[in-house]
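K.L.:
my_file-v9.cif (mmCIF, C-alpha atoms and all ligand atoms) pasted underneath:
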data_entry
#
loop_
_atom_site.group_PDB
_atom_site.id
_atom_site.type_symbol
_atom_site.label_atom_id
_atom_site.label_comp_id
_atom_site.auth_asym_id
_atom_site.auth_seq_id
_atom_site.Cartn_x
_atom_site.Cartn_y
_atom_site.Cartn_z
ATOM 1 C CA MET A 1 61.355 10.430 15.140
ATOM 2 C CA SER A 2 60.634 12.725 12.151
ATOM 3 C CA SER A 3 58.129 11.903 9.424
ATOM 4 C CA ASN A 4 61.039 11.436 7.019
ATOM 5 C CA GLN A 5 62.418 8.668 9.101
ATOM 6 C CA MET A 6 59.045 7.049 9.228
ATOM 7 C CA PHE A 7 58.851 7.007 5.455
ATOM 8 C CA ASP A 8 62.331 5.542 5.279
ATOM 9 C CA ASP A 9 61.407 2.836 7.705
ATOM 10 C CA TYR A 10 58.142 1.821 6.135
ATOM 11 C CA ILE A 11 58.874 2.239 2.439
ATOM 12 C CA PRO A 12 62.560 1.463 2.105
ATOM 13 C CA LYS A 13 62.293 0.763 -1.653
ATOM 14 C CA LYS A 14 60.924 4.188 -2.455
ATOM 15 C CA LYS A 15 63.984 6.124 -1.351
ATOM 16 C CA ALA A 16 63.972 8.484 -4.350
ATOM 17 C CA LYS A 17 60.487 9.711 -3.680
ATOM 18 C CA THR A 18 61.129 10.079 0.008
ATOM 19 C CA ARG A 19 64.177 12.146 -0.728
ATOM 20 C CA ALA A 20 62.178 14.433 -2.993
ATOM 21 C CA TYR A 21 59.715 14.829 -0.204
ATOM 22 C CA SER A 22 62.311 15.692 2.337
ATOM 23 C CA LEU A 23 63.897 18.126 -0.108
ATOM 24 C CA CYS A 24 60.615 19.931 -0.378
ATOM 25 C CA TRP A 25 60.207 19.936 3.361
ATOM 26 C CA ASN A 26 63.725 21.290 3.764
ATOM 27 C CA SER A 27 63.117 24.097 1.310
ATOM 28 C CA LYS A 28 60.051 25.090 3.271
ATOM 29 C CA ALA A 29 61.946 24.835 6.468
ATOM 30 C CA LYS A 30 64.333 27.467 5.109
ATOM 31 C CA ILE A 31 61.486 29.978 5.000
ATOM 32 C CA GLY A 32 61.481 29.776 8.761
ATOM 33 C CA PHE A 33 58.655 29.338 11.240
ATOM 34 C CA PRO A 34 56.658 32.529 10.503
ATOM 35 C CA GLY A 35 56.639 31.726 6.788
ATOM 36 C CA VAL A 36 55.407 28.173 7.389
ATOM 37 C CA PHE A 37 52.802 29.489 9.776
ATOM 38 C CA LEU A 38 51.549 31.993 7.208
ATOM 39 C CA PHE A 39 51.554 29.326 4.506
ATOM 40 C CA CYS A 40 49.534 27.041 6.726
ATOM 41 C CA CYS A 41 47.063 29.786 7.544
ATOM 42 C CA LEU A 42 46.545 30.638 3.892
ATOM 43 C CA PHE A 43 46.168 26.965 3.013
ATOM 44 C CA PHE A 44 43.634 26.493 5.780
ATOM 45 C CA LEU A 45 41.713 29.616 4.755
ATOM 46 C CA ALA A 46 41.617 28.543 1.111
ATOM 47 C CA GLY A 47 40.396 25.093 2.094
ATOM 48 C CA PHE A 48 37.780 26.558 4.404
ATOM 49 C CA LEU A 49 36.470 28.897 1.722
ATOM 50 C CA ALA A 50 36.435 26.175 -0.918
ATOM 51 C CA SER A 51 34.553 23.718 1.279
ATOM 52 C CA ASN A 52 32.109 26.436 2.255
ATOM 53 C CA LEU A 53 31.478 27.254 -1.363
ATOM 54 C CA LEU A 54 31.030 23.586 -2.268
ATOM 55 C CA SER A 55 28.575 22.954 0.536
ATOM 56 C CA GLN A 56 26.595 26.006 -0.512
ATOM 57 C CA VAL A 57 26.379 24.697 -4.053
ATOM 58 C CA SER A 58 25.332 21.206 -3.005
ATOM 59 C CA GLY A 59 22.952 22.713 -0.430
ATOM 60 C CA ALA A 60 21.280 24.701 -3.156
ATOM 61 C CA ARG A 61 20.983 21.565 -5.242
ATOM 62 C CA GLN A 62 19.442 19.689 -2.333
ATOM 63 C CA ARG A 63 17.001 22.493 -1.642
ATOM 64 C CA GLY A 64 16.055 22.474 -5.283
ATOM 65 C CA ARG A 65 15.377 18.756 -5.217
ATOM 66 C CA ARG A 66 13.339 19.123 -2.071
ATOM 67 C CA LEU A 67 11.376 21.988 -3.609
ATOM 68 C CA GLU A 68 10.721 19.861 -6.663
ATOM 69 C CA SER A 69 9.278 17.076 -4.556
ATOM 70 C CA LEU A 70 7.271 19.382 -2.291
ATOM 71 C CA ASP A 71 5.844 21.907 -4.695
ATOM 72 C CA TYR A 72 5.504 19.520 -7.632
ATOM 73 C CA ASP A 73 5.614 21.147 -11.001
ATOM 74 C CA LEU A 74 2.175 20.039 -12.079
ATOM 75 C CA MET A 75 1.888 18.208 -15.355
ATOM 76 C CA ALA A 76 -0.614 19.352 -17.911
ATOM 77 C CA HIS A 77 -3.691 17.166 -17.457
ATOM 78 C CA GLY A 78 -6.371 15.868 -19.777
ATOM 79 C CA GLU A 79 -10.113 16.482 -19.656
ATOM 80 C CA THR A 80 -10.643 13.738 -17.101
ATOM 81 C CA GLY A 81 -7.464 14.361 -15.110
ATOM 82 C CA ASP A 82 -6.800 16.269 -11.886
ATOM 83 C CA ASP A 83 -5.103 19.620 -11.277
ATOM 84 C CA SER A 84 -3.535 18.429 -8.044
ATOM 85 C CA ILE A 85 -1.274 15.672 -6.730
ATOM 86 C CA SER A 86 -2.800 12.879 -4.650
ATOM 87 C CA THR A 87 -1.110 10.840 -1.966
ATOM 88 C CA ILE A 88 -3.008 8.009 -0.315
ATOM 89 C CA PRO A 89 -0.941 6.159 2.299
ATOM 90 C CA PHE A 90 -1.102 2.372 2.269
ATOM 91 C CA GLN A 91 0.682 -0.697 3.541
ATOM 92 C CA VAL A 92 1.337 -3.749 1.395
ATOM 93 C CA ILE A 93 0.165 -6.541 3.677
ATOM 94 C CA SER A 94 0.709 -9.334 1.170
ATOM 95 C CA TRP A 95 1.733 -9.998 -2.428
ATOM 96 C CA ARG A 96 0.146 -13.455 -2.377
ATOM 97 C CA PRO A 97 -2.651 -12.434 -2.617
ATOM 98 C CA ARG A 98 -2.005 -8.834 -3.637
ATOM 99 C CA ALA A 99 -3.485 -7.095 -0.576
ATOM 100 C CA PHE A 100 -3.068 -3.502 0.596
ATOM 101 C CA TYR A 101 -4.165 -1.743 3.752
ATOM 102 C CA PHE A 102 -5.246 1.915 3.720
ATOM 103 C CA PRO A 103 -5.268 3.513 7.183
ATOM 104 C CA ASP A 104 -7.724 6.375 7.758
ATOM 105 C CA PHE A 105 -9.216 6.060 4.298
ATOM 106 C CA ALA A 106 -12.544 7.607 5.360
ATOM 107 C CA THR A 107 -13.527 9.813 8.292
ATOM 108 C CA PRO A 108 -15.671 8.473 11.168
ATOM 109 C CA ALA A 109 -18.428 10.880 10.077
ATOM 110 C CA GLN A 110 -18.371 9.496 6.515
ATOM 111 C CA CYS A 111 -18.547 5.946 7.885
ATOM 112 C CA GLN A 112 -21.469 6.770 10.179
ATOM 113 C CA HIS A 113 -23.267 8.380 7.259
ATOM 114 C CA ILE A 114 -22.982 5.176 5.226
ATOM 115 C CA ILE A 115 -24.247 3.096 8.167
ATOM 116 C CA ASP A 116 -27.215 5.442 8.600
ATOM 117 C CA MET A 117 -28.085 5.129 4.920
ATOM 118 C CA ALA A 118 -27.832 1.342 4.917
ATOM 119 C CA GLN A 119 -29.458 0.533 8.269
ATOM 120 C CA PRO A 120 -33.146 0.768 7.210
ATOM 121 C CA LYS A 121 -32.538 -1.262 4.041
ATOM 122 C CA LEU A 122 -30.716 -4.278 5.491
ATOM 123 C CA GLU A 123 -31.711 -7.744 4.346
ATOM 124 C CA PRO A 124 -30.097 -11.139 4.851
ATOM 125 C CA SER A 125 -27.043 -11.397 2.599
ATOM 126 C CA THR A 126 -27.093 -13.966 -0.169
ATOM 127 C CA VAL A 127 -24.483 -15.761 -2.239
ATOM 128 C CA LEU A 128 -24.483 -16.510 -5.953
ATOM 129 C CA LEU A 129 -25.700 -20.073 -6.432
ATOM 130 C CA ALA A 130 -23.263 -22.475 -8.033
ATOM 131 C CA LYS A 131 -24.309 -24.750 -10.903
ATOM 132 C CA GLY A 132 -26.732 -27.364 -9.503
ATOM 133 C CA GLU A 133 -27.533 -25.390 -6.344
ATOM 134 C CA THR A 134 -31.190 -24.411 -5.998
ATOM 135 C CA GLN A 135 -31.299 -22.618 -2.649
ATOM 136 C CA GLN A 136 -29.067 -20.431 -0.520
ATOM 137 C CA PRO A 137 -26.521 -22.582 1.290
ATOM 138 C CA TYR A 138 -27.101 -22.698 5.025
ATOM 139 C CA ASP A 139 -24.764 -20.907 7.467
ATOM 140 C CA VAL A 140 -22.125 -19.758 4.954
ATOM 141 C CA ARG A 141 -22.849 -16.045 4.922
ATOM 142 C CA THR A 142 -24.849 -14.849 7.926
ATOM 143 C CA SER A 143 -24.556 -11.080 7.612
ATOM 144 C CA MET A 144 -27.259 -8.571 6.723
ATOM 145 C CA GLY A 145 -26.634 -6.229 3.829
ATOM 146 C CA THR A 146 -27.866 -3.875 1.159
ATOM 147 C CA PHE A 147 -26.612 -2.212 -1.991
ATOM 148 C CA LEU A 148 -26.068 1.559 -2.138
ATOM 149 C CA SER A 149 -25.118 3.507 -5.255
ATOM 150 C CA ALA A 150 -23.126 6.711 -5.115
ATOM 151 C CA TYR A 151 -25.874 8.546 -7.025
ATOM 152 C CA GLU A 152 -28.431 7.645 -4.317
ATOM 153 C CA ASP A 153 -26.469 9.731 -1.828
ATOM 154 C CA GLU A 154 -27.280 13.418 -2.272
ATOM 155 C CA THR A 155 -24.707 14.445 0.338
ATOM 156 C CA GLY A 156 -21.908 13.280 -1.971
ATOM 157 C CA VAL A 157 -20.200 11.133 0.676
ATOM 158 C CA LEU A 158 -20.465 7.912 -1.325
ATOM 159 C CA ASP A 159 -19.317 9.803 -4.400
ATOM 160 C CA ASP A 160 -16.226 11.093 -2.572
ATOM 161 C CA ILE A 161 -15.412 7.628 -1.225
ATOM 162 C CA GLU A 162 -15.826 6.020 -4.631
ATOM 163 C CA GLU A 163 -13.635 8.694 -6.192
ATOM 164 C CA LYS A 164 -10.955 7.973 -3.621
ATOM 165 C CA ILE A 165 -11.218 4.231 -4.235
ATOM 166 C CA ALA A 166 -10.656 4.944 -7.923
ATOM 167 C CA MET A 167 -7.509 6.901 -7.058
ATOM 168 C CA ALA A 168 -6.283 4.164 -4.730
ATOM 169 C CA THR A 169 -6.939 1.297 -7.134
ATOM 170 C CA LYS A 170 -6.283 3.201 -10.379
ATOM 171 C CA LEU A 171 -9.314 1.360 -11.746
ATOM 172 C CA PRO A 172 -12.147 3.432 -13.268
ATOM 173 C CA ARG A 173 -15.488 3.917 -11.537
ATOM 174 C CA VAL A 174 -17.455 2.732 -14.565
ATOM 175 C CA ASN A 175 -16.265 -0.768 -13.655
ATOM 176 C CA TYR A 176 -17.603 -0.588 -10.082
ATOM 177 C CA GLU A 177 -20.586 -2.375 -8.660
ATOM 178 C CA ALA A 178 -22.705 -0.431 -6.161
ATOM 179 C CA PHE A 179 -21.474 -0.493 -2.555
ATOM 180 C CA ASN A 180 -22.544 -3.636 -0.741
ATOM 181 C CA VAL A 181 -22.906 -2.436 2.844
ATOM 182 C CA LEU A 182 -22.849 -5.291 5.328
ATOM 183 C CA ARG A 183 -23.551 -5.668 9.009
ATOM 184 C CA TYR A 184 -22.165 -8.652 10.885
ATOM 185 C CA GLY A 185 -23.710 -9.006 14.331
ATOM 186 C CA LEU A 186 -22.440 -11.149 17.183
ATOM 187 C CA GLY A 187 -21.193 -14.488 15.841
ATOM 188 C CA GLN A 188 -22.005 -13.603 12.236
ATOM 189 C CA LYS A 189 -19.406 -14.381 9.587
ATOM 190 C CA TYR A 190 -18.754 -15.295 5.975
ATOM 191 C CA ASP A 191 -16.959 -18.571 5.355
ATOM 192 C CA SER A 192 -13.891 -18.467 3.103
ATOM 193 C CA HIS A 193 -14.795 -17.891 -0.518
ATOM 194 C CA TYR A 194 -13.702 -16.191 -3.723
ATOM 195 C CA ASP A 195 -15.168 -12.885 -4.870
ATOM 196 C CA VAL A 196 -14.432 -13.953 -8.437
ATOM 197 C CA PHE A 197 -16.839 -16.448 -10.076
ATOM 198 C CA ASP A 198 -15.069 -19.453 -11.513
ATOM 199 C CA PRO A 199 -16.970 -20.270 -14.750
ATOM 200 C CA GLU A 200 -16.399 -23.954 -14.051
ATOM 201 C CA ARG A 201 -18.550 -23.666 -10.925
ATOM 202 C CA TYR A 202 -20.895 -20.829 -11.811
ATOM 203 C CA GLY A 203 -21.174 -21.080 -15.598
ATOM 204 C CA PRO A 204 -20.093 -18.435 -18.129
ATOM 205 C CA GLN A 205 -19.730 -14.908 -16.696
ATOM 206 C CA LYS A 206 -20.460 -11.660 -18.482
ATOM 207 C CA SER A 207 -17.630 -10.044 -16.556
ATOM 208 C CA GLN A 208 -15.361 -10.885 -13.682
ATOM 209 C CA ARG A 209 -14.534 -9.314 -10.335
ATOM 210 C CA VAL A 210 -10.917 -8.165 -10.553
ATOM 211 C CA ALA A 211 -10.492 -6.593 -7.154
ATOM 212 C CA THR A 212 -12.343 -5.884 -3.918
ATOM 213 C CA PHE A 213 -12.100 -2.792 -1.758
ATOM 214 C CA LEU A 214 -13.432 -3.112 1.785
ATOM 215 C CA LEU A 215 -14.071 0.000 3.831
ATOM 216 C CA TYR A 216 -14.449 -0.818 7.500
ATOM 217 C CA LEU A 217 -17.191 1.350 9.003
ATOM 218 C CA SER A 218 -16.877 0.317 12.645
ATOM 219 C CA ASP A 219 -14.454 -0.885 15.284
ATOM 220 C CA VAL A 220 -15.225 -4.420 16.347
ATOM 221 C CA GLU A 221 -13.775 -7.381 18.180
ATOM 222 C CA GLY A 222 -13.339 -10.369 15.870
ATOM 223 C CA GLY A 223 -14.687 -9.935 12.345
ATOM 224 C CA GLU A 224 -11.216 -9.996 10.788
ATOM 225 C CA THR A 225 -10.881 -10.403 7.052
ATOM 226 C CA ALA A 226 -8.858 -13.606 6.873
ATOM 227 C CA PHE A 227 -6.810 -14.935 3.953
ATOM 228 C CA PRO A 228 -6.239 -18.621 4.845
ATOM 229 C CA PHE A 229 -4.160 -19.312 1.702
ATOM 230 C CA GLU A 230 -1.842 -16.330 2.100
ATOM 231 C CA ASP A 231 1.589 -17.202 0.707
ATOM 232 C CA SER A 232 0.093 -20.494 -0.580
ATOM 233 C CA LEU A 233 -0.268 -21.896 2.944
ATOM 234 C CA ASN A 234 -3.036 -24.314 4.023
ATOM 235 C CA MET A 235 -3.974 -25.006 0.407
ATOM 236 C CA ASP A 236 -4.665 -28.679 0.945
ATOM 237 C CA GLU A 237 -7.870 -30.696 0.771
ATOM 238 C CA ASN A 238 -8.155 -30.640 4.550
ATOM 239 C CA TYR A 239 -8.725 -26.897 4.857
ATOM 240 C CA ASP A 240 -12.130 -26.243 6.422
ATOM 241 C CA VAL A 241 -13.678 -23.064 4.952
ATOM 242 C CA LYS A 242 -15.162 -22.288 8.358
ATOM 243 C CA LYS A 243 -11.717 -22.011 9.912
ATOM 244 C CA CYS A 244 -10.439 -18.509 10.487
ATOM 245 C CA ILE A 245 -6.726 -18.910 9.867
ATOM 246 C CA GLY A 246 -3.929 -17.303 7.873
ATOM 247 C CA LEU A 247 -3.345 -13.603 7.391
ATOM 248 C CA LYS A 248 -5.987 -11.599 9.235
ATOM 249 C CA ALA A 249 -6.763 -7.932 8.682
ATOM 250 C CA LYS A 250 -8.371 -6.443 11.766
ATOM 251 C CA PRO A 251 -11.212 -4.062 10.917
ATOM 252 C CA ARG A 252 -10.631 -0.514 12.134
ATOM 253 C CA LEU A 253 -13.148 2.262 11.715
ATOM 254 C CA GLY A 254 -12.310 4.255 8.585
ATOM 255 C CA ASP A 255 -9.588 1.928 7.264
ATOM 256 C CA GLY A 256 -9.659 0.266 3.856
ATOM 257 C CA LEU A 257 -8.464 -3.071 2.520
ATOM 258 C CA LEU A 258 -7.872 -3.744 -1.164
ATOM 259 C CA PHE A 259 -7.111 -7.126 -2.665
ATOM 260 C CA TYR A 260 -7.030 -8.565 -6.147
ATOM 261 C CA SER A 261 -8.815 -11.779 -7.099
ATOM 262 C CA LEU A 262 -7.159 -12.102 -10.493
ATOM 263 C CA PHE A 263 -3.532 -12.382 -11.473
ATOM 264 C CA PRO A 264 -2.277 -9.840 -14.020
ATOM 265 C CA ASN A 265 -2.882 -12.541 -16.674
ATOM 266 C CA ASN A 266 -6.585 -12.660 -15.661
ATOM 267 C CA SER A 267 -6.538 -16.153 -14.214
ATOM 268 C CA ILE A 268 -7.976 -16.606 -10.708
ATOM 269 C CA ASP A 269 -5.526 -16.125 -7.834
ATOM 270 C CA PRO A 270 -6.278 -19.027 -5.468
ATOM 271 C CA THR A 271 -4.690 -17.127 -2.569
ATOM 272 C CA SER A 272 -7.405 -14.448 -2.861
ATOM 273 C CA THR A 273 -9.689 -16.821 -0.952
ATOM 274 C CA HIS A 274 -10.915 -14.936 2.101
ATOM 275 C CA GLY A 275 -13.561 -14.938 4.775
ATOM 276 C CA SER A 276 -15.000 -12.780 7.518
ATOM 277 C CA CYS A 277 -14.270 -14.246 10.965
ATOM 278 C CA PRO A 278 -17.142 -14.380 13.458
ATOM 279 C CA VAL A 279 -17.791 -11.172 15.375
ATOM 280 C CA ILE A 280 -16.883 -11.556 19.039
ATOM 281 C CA LYS A 281 -18.059 -8.219 20.401
ATOM 282 C CA GLY A 282 -19.979 -5.322 18.873
ATOM 283 C CA ALA A 283 -20.995 -5.219 15.206
ATOM 284 C CA LYS A 284 -18.858 -5.210 12.094
ATOM 285 C CA TRP A 285 -19.993 -2.786 9.441
ATOM 286 C CA VAL A 286 -18.231 -2.815 6.105
ATOM 287 C CA ALA A 287 -18.809 -1.202 2.716
ATOM 288 C CA THR A 288 -17.687 -3.554 -0.032
ATOM 289 C CA LYS A 289 -16.776 -2.325 -3.479
ATOM 290 C CA TRP A 290 -16.385 -4.986 -6.145
ATOM 291 C CA ILE A 291 -14.493 -3.918 -9.213
ATOM 292 C CA ARG A 292 -15.217 -5.606 -12.546
ATOM 293 C CA ASP A 293 -13.112 -6.202 -15.611
ATOM 294 C CA GLU A 294 -15.935 -4.963 -17.862
ATOM 295 C CA GLN A 295 -18.340 -2.044 -17.708
ATOM 296 C CA ASP A 296 -21.319 -4.380 -18.226
ATOM 297 C CA PHE A 297 -21.987 -6.860 -15.479
HETATM 298 C C1 LIG B 1 -1.161 -16.771 -14.719
HETATM 299 O O1 LIG B 1 -0.283 -16.250 -13.730
HETATM 300 C C2 LIG B 1 -0.123 -17.062 -12.591
HETATM 301 C C3 LIG B 1 0.727 -16.311 -11.595
HETATM 302 O O2 LIG B 1 1.871 -15.809 -12.167
HETATM 303 C C4 LIG B 1 0.460 -18.399 -12.988
HETATM 304 O O3 LIG B 1 0.621 -19.210 -11.872
HETATM 305 C C5 LIG B 1 -0.465 -19.074 -13.985
HETATM 306 O O4 LIG B 1 0.074 -20.293 -14.441
HETATM 307 C C6 LIG B 1 -0.752 -18.172 -15.173
HETATM 308 N N1 LIG B 1 -1.799 -18.772 -15.967
HETATM 309 C C7 LIG B 1 -1.780 -18.815 -17.288
HETATM 310 C C8 LIG B 1 -2.942 -19.460 -17.950
HETATM 311 O O5 LIG B 1 -0.852 -18.355 -17.929
#
Just give me the structure of the file as structure tokens.
Ligand SMILES: *[C@@H]1O[C@H](CO)[C@@H](O)[C@H](O)[C@H]1NC(C)=O

P.N.:
Amino acid sequence: MSSNQMFDDYIPKKKAKTRAYSLCWNSKAKIGFPGVFLFCCLFFLAGFLASNLLSQVSGARQRGRRLESLDYDLMAHGETGDDSISTIPFQVISWRPRAFYFPDFATPAQCQHIIDMAQPKLEPSTVLLAKGETQQPYDVRTSMGTFLSAYEDETGVLDDIEEKIAMATKLPRVNYEAFNVLRYGLGQKYDSHYDVFDPERYGPQKSQRVATFLLYLSDVEGGETAFPFEDSLNMDENYDVKKCIGLKAKPRLGDGLLFYSLFPNNSIDPTSTHGSCPVIKGAKWVATKWIRDEQDF
């Protein structure tokens, strides 16, 4: 069965076209086999060359794009800008609350340095008293802690870390509180709470905590940072603040966790409620960086 017959069989209504086709085929056939062979070879060669040329062109374009994204044509920068590109890997672990995990944010040596600085200054951690409260609530926050400012550290480690937090959060260092370095020993924890101070409970605030960056300084069993209201779950009257449920970020030496306490419209995000689960084995060390919405706080 020739191809002509096939056309006739399958498209009977398009006889005219088919005939034109067969006419063309016939005229070629008259050239004889060597002619057809030569024609085919030329056609193949032309096609080969053309496709080669095309792929070279598109290859060059691809290389160019790749070069652009690897070498980065640096943008002119302002007085306070950088002359290099920064990439800080992170994982979005939740949008409700807005929470982001930064693996390998600091080196083990940097973490140990912060622990060494904080160790001799540790005191029992306290909480801000709510309206009507006159003494520290019992058994809510059982860690030890101290505050460390970047300028206290002549080695520049705290400065480097703070700089990197600024790059990760895109929020300026002038809005940062000093590092609150905390040690949670066996069984120690912090019941679920907000980092932001609701004026209804705590009275008028000079400024508010927008976001929190936690840098985990040790590996530990237990001691997870838990968000019980993640994705608006468990938000009923029955939730016990001592319960460690919901989304849990496991502390890993050198890793960072960033979350926002305020919505973009500045109202308090109820899902930013979080706690520190009891330590099961070892000690949890963490450097907390609270970021304010004002420079005065
Ligand atoms: C602020 O934003 C949150 C989240 O989008 C929304 O639920 C809330 O109603 C807003 N509050 C005000 C006062 O607009």

K.L.:
To check your reading of the model: which residues sit at most 8 Å from ligand LIG 1 (chain B) when counting all atoms listed in the file? Write the answer as a list in words.

P.N.:
Phe263, Pro264, Asn265, Asn266, Ser267, Ile268 and Asp269 of chain A

K.L.:
Since we have the selection now, will you write its residues out, keeping C-alpha atoms, as a short mmCIF file (atom, residue, chain, number, x, y, z; two decimals), in the frame of the given file?

P.N.:
data_model
loop_
_atom_site.label_atom_id
_atom_site.label_comp_id
_atom_site.auth_asym_id
_atom_site.auth_seq_id
_atom_site.Cartn_x
_atom_site.Cartn_y
_atom_site.Cartn_z
CA PHE A 263 -3.53 -12.38 -11.47
CA PRO A 264 -2.28 -9.84 -14.02
CA ASN A 265 -2.88 -12.54 -16.67
CA ASN A 266 -6.58 -12.66 -15.66
CA SER A 267 -6.54 -16.15 -14.21
CA ILE A 268 -7.98 -16.61 -10.71
CA ASP A 269 -5.53 -16.12 -7.83
#

K.L.:
Mind telling me what the PyMOL selection byres (((chain A and resi 195) around 8) and not hetatm) catches here, as an NGL selection string?

P.N.:
:A and (193-194 or 196-197 or 209 or 212 or 261 or 273)

K.L.:
Using the chain letters and residue numbers of this document, give as a list in words the residues selected by the PyMOL selection byres (((chain A and resi 127) around 12) and not hetatm).

P.N.:
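So the PyMOL selection byres (((chain A and resi 127) around 12) and not hetatm) ends up selecting Pro124, Ser125, Thr126, Leu128, Leu129, Ala130, Glu133, Thr134, Gln135, Gln136, Pro137, Tyr138, Asp139, Val140, Arg141, Thr142, Ser143, Met144, Gly145, Tyr190, Asp191, His193, Tyr194, Asp195, Val196, Phe197 and Tyr202 of chain A.
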
K.L.:
Could you check which of A:Trp285, A:Tyr239, A:Phe102, A:Phe229 is closest to A:Asp255, using all atoms listed in the file?

P.N.:
A:Phe102

K.L.:
Rank A:Asn238, A:Gln205, A:Asn175, A:Thr271 by their smallest atom-to-atom distance to A:Trp95, using all atoms listed in the file, and report the top residue only.

P.N.:
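For A:Trp95, the nearest of the given residues is A:Thr271.
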
K.L.:
Return the single residue from A:Pro270, A:Gly81, A:Gly275, A:Gly282 that is closest to A:Leu247, with distances computed using all atoms listed in the file.

P.N.:
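Closest to A:Leu247 of all the choices is A:Gly275.
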
K.L.:
Expanded to explicit residues, what is the PyMOL selection byres (((chain A and resi 293) around 9) and not hetatm) for this file, as an MDAnalysis selection string?

P.N.:
chainID A and resid 175 207:211 291:292 294:297

K.L.:
Which residue out of A:Val157, A:Ile115, A:Ala150, A:Cys244 has the minimum interatomic distance to A:Leu182 when all atoms listed in the file are used?

P.N.:
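Result for the nearest residue to A:Leu182: A:Ile115.
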
K.L.:
Determine, counting all atoms listed in the file, every residue of protein, DNA or RNA that lies within 9 Å of (-4.8, -4.4, 3.1) in the file coordinates, then give the result as a PyMOL selection string.

P.N.:
chain A and resi 90-94+98-103+213-214+249+255-259

K.L.:
For A:Gln188, please output as a list in words all residues within 9 Å (counting only C-alpha atoms; exclusion window: fewer than 6 positions along the same chain).

P.N.:
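Returned residues: Arg141, Thr142, Ser143, Gly223, Ser276, Cys277, Pro278, Val279, Ile280, Ala283 and Lys284 of chain A.
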
K.L.:
Take atom CA of A:Pro89 and atom CA of A:Ala287 and report the distance between them in Å, one decimal.

P.N.:
19.3 Å

K.L.:
For atom CA of A:Leu158 and atom CA of A:Pro108, determine how far apart the two atoms are, in Å to one decimal place.

P.N.:
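Spanning atom CA of A:Leu158 to atom CA of A:Pro108 is a straight-line distance of 13.4 Å.
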
K.L.:
Using all atoms listed in the file, find the one residue out of A:Val174, A:Ser86, A:Ala109, A:Glu152 that sits nearest to A:Ser218.

P.N.:
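When distances to A:Ser218 are compared using all atoms listed in the file, the smallest one comes from A:Ala109.
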